[in-house]
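Everything below concerns the one structure shown next.
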Amino acid sequence: MEDLSRFVLDYVKKEGAVYAGIATIETLAGGPPSTDLTYVLPGARSAISFALPLDQDCIEPFLSKRNRRSHERDNLKTNALSGGISLHLAKYLEQKGIASMPLCANEVYRTDTEYGMLEMKPDISLRYLAVASGVGHFGLSGNVITKGYGAAIILGGVITTAELKPTPPLLSQDNYCDSCRLCMASCASGMMSPEEKTTVTMGGVKYTYSRRRSYLRCEYVCGGFTGLHPSGKWSTWSPGRFTIPDDESEFRDLLIESIKAYEKWPDMEGGHYHLMMGRPLYLTCGNCSLICHPEKGVRKKRYKMLTESGVVVQKPDGSLEALSPEGARDYFSSLDEETRTRYGVK
Ligand code: SF4
Ligand code: SF4
């Protein structure tokens with residue numbers, strides 16, 4: 001058990017993981033449904049969790065609207081690397097006679113929920129595995145944060161029937177989150193409740209972070225269909241202008257309306273095929289995690305960059321440009337009504 005536990009942690013670190021840990025059914029006990037390892041592998045006993053860093057050099061050009069594509073490329077590549085490491089380790093263990101299941105870093109959804117895949121509930125939550133195994137802490141945002149790379153990481157995991165030795169959760173006094181709330185301030189969708197908290201218990205340990213409001217908020221904004229912050233002063237990389245209501249019940253119809261309109265936007269550079277869309281999606285947000293650097297001064301600098309980065313519009317050739325809020329209003333006024341409607345401008 002000790003040798004195999006050491007081996008799997010060393011395996012993922014040699015492939016590029018900066019943090020790795022092991023959770024077991026005991027250390028996950030009492031957690032939400034997405035901590036049930038047997039959901040993906042009957043007889044599962046343990047999970048190997050790891051984190052890969054995103055390229056910090058691509059983050060500030062992304063937040064300041066100087067370069068969207070370099071961060072998108074890095075993010076997609078790191079997600080693919082996470083899945084690749086998980087697959088290789090799972091296959092290694094299987095060929096040693098230990099049933100194992102690799103996890104995808106993203107975009108695997110449960111179909112047995114009330115609204116099926118639309119709810120975007122993961123088969124297994126990599127966040128919970130990471131926190132229970134000491135890979136990182138929960139920040140107030142609910143994102144997993146790490147002392148070296150903040151929340152700018154991509155998680156990965158392998159579920160196995162092997163009885164591995166668990167690694168303990170990190171000490172709460174070592175969590176750098178100081179409730180600065182810049183994650184909330186940089187979210188145009190209002191996904192994180194400013195007042196209410198959620199508490200999760202795993203292995204007898206309690207973890208608290210801000211309550212996540214409807215996930216449709218993040219799907220709507222992080223999906224790239226809209227992105228103007230309610231202040232009107234800055235946007236994500238999305239050129240969409242569909243309103244972001246306060247009332248949760250309005251999101252479903254707005255999401256459907258904006259997706260229909262999005263189908264008519266010109267193609268942009270880059271992108272990624274998502275299983276629920278007929279055309280590529282583009283990385284336009286992720287602000288809550290990109291802002292959250294371990295050093296408060298860097299967080300503040302990044303927040304300033306974001307909020308001074310302007311408002312994105314899309315040109316007829318598909319390219320994106322960040323303008324001042326006034327410049328963007330003038331740009332939309334110069335368009336015909338049908339084109340304006342396509343971006344949600346009434
Ligand atoms: S941005 Fe601030 S409040 Fe949010 S998770 Fe990071 S440190 Fe915590
Ligand atoms: S990814 Fe964007 S929309 Fe989603 S919660 Fe983070 S900041 Fe908000």
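Numbering starts fresh at 1 for the residues of each chain in the structure tokens, the chains themselves are lettered A, B, ... in the order given, and ligands are numbered from 1 as they appear.
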Wanna dump the chain A-ligand 2 contacts at 6 Å for me, each residue with its shortest atom pair and the distance in Å to one decimal, counting only C-alpha atoms and all ligand atoms, ordered by chain and number, as CSV?
residue,atom,partner,partner_atom_place_in_ligand_line,distance
A:Ser186,CA,ligand 2,7 (S),5.8
A:Cys187,CA,ligand 2,7 (S),3.6
A:Ala188,CA,ligand 2,8 (Fe),5.9
A:Ser189,CA,ligand 2,3 (S),5.0
A:Met191,CA,ligand 2,5 (S),5.1
A:Cys218,CA,ligand 2,4 (Fe),3.9
A:Val221,CA,ligand 2,3 (S),4.8
A:Cys222,CA,ligand 2,3 (S),4.5
A:Cys285,CA,ligand 2,2 (Fe),4.6
A:Gly286,CA,ligand 2,1 (S),3.6
A:Asn287,CA,ligand 2,7 (S),4.3
A:Cys288,CA,ligand 2,7 (S),4.1
(request) Write down as a PyMOL selection string the residues belonging to region 62-308 of chain A that are assigned helix (DSSP H, G or I) by DSSP computed on the backbone. (result) chain A and resi 62-63+69-95+116-119+126-132+172-174+182-185+215-222+248-262+287-291+296-307
Could you produce a table of the residues of region 205-313 of chain A lying within 12 Å of region 138-160 of chain A, with the nearest pair of atoms per residue and their separation in Å rounded to one decimal, using only C-alpha atoms, ordered by chain and increasing residue number, as a Markdown table?
| residue | atom | partner | partner_atom | distance |
| --- | --- | --- | --- | --- |
| A:Lys206 | CA | A:Phe138 | CA | 11.0 |
| A:Tyr207 | CA | A:Phe138 | CA | 7.4 |
| A:Thr208 | CA | A:Leu140 | CA | 7.7 |
| A:Tyr209 | CA | A:Leu140 | CA | 4.6 |
| A:Ser210 | CA | A:Leu140 | CA | 5.6 |
| A:Arg211 | CA | A:Gly142 | CA | 8.0 |
| A:Arg212 | CA | A:Gly142 | CA | 7.9 |
| A:Arg213 | CA | A:Ser141 | CA | 11.5 |
| A:Gly286 | CA | A:Ala152 | CA | 9.2 |
| A:Asn287 | CA | A:Ala152 | CA | 9.8 |
| A:Cys288 | CA | A:Ser141 | CA | 7.2 |
| A:Ser289 | CA | A:Ala151 | CA | 4.8 |
| A:Leu290 | CA | A:Ala152 | CA | 5.5 |
| A:Ile291 | CA | A:Ala151 | CA | 8.0 |
| A:Cys292 | CA | A:Gly150 | CA | 5.6 |
| A:His293 | CA | A:Gly150 | CA | 4.5 |
| A:Pro294 | CA | A:Gly150 | CA | 5.1 |
| A:Glu295 | CA | A:Gly150 | CA | 8.5 |
| A:Lys296 | CA | A:Gly150 | CA | 10.6 |
| A:Val298 | CA | A:Gly150 | CA | 10.6 |
| A:Arg299 | CA | A:Gly150 | CA | 9.8 |
(message) Among region 90-268 of chain A, which residues does DSSP mark as strand (DSSP E) when it is run on the backbone? Keep the chain and numbering as in the structure and answer as an MDAnalysis selection string.
(response) chainID A and resid 100:103 137:138 144:145 153:160 192:202 205:212
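When CA of Val135 (chain A) is paired with CA of Ala17 (chain A), their separation reads 10.3 Å.
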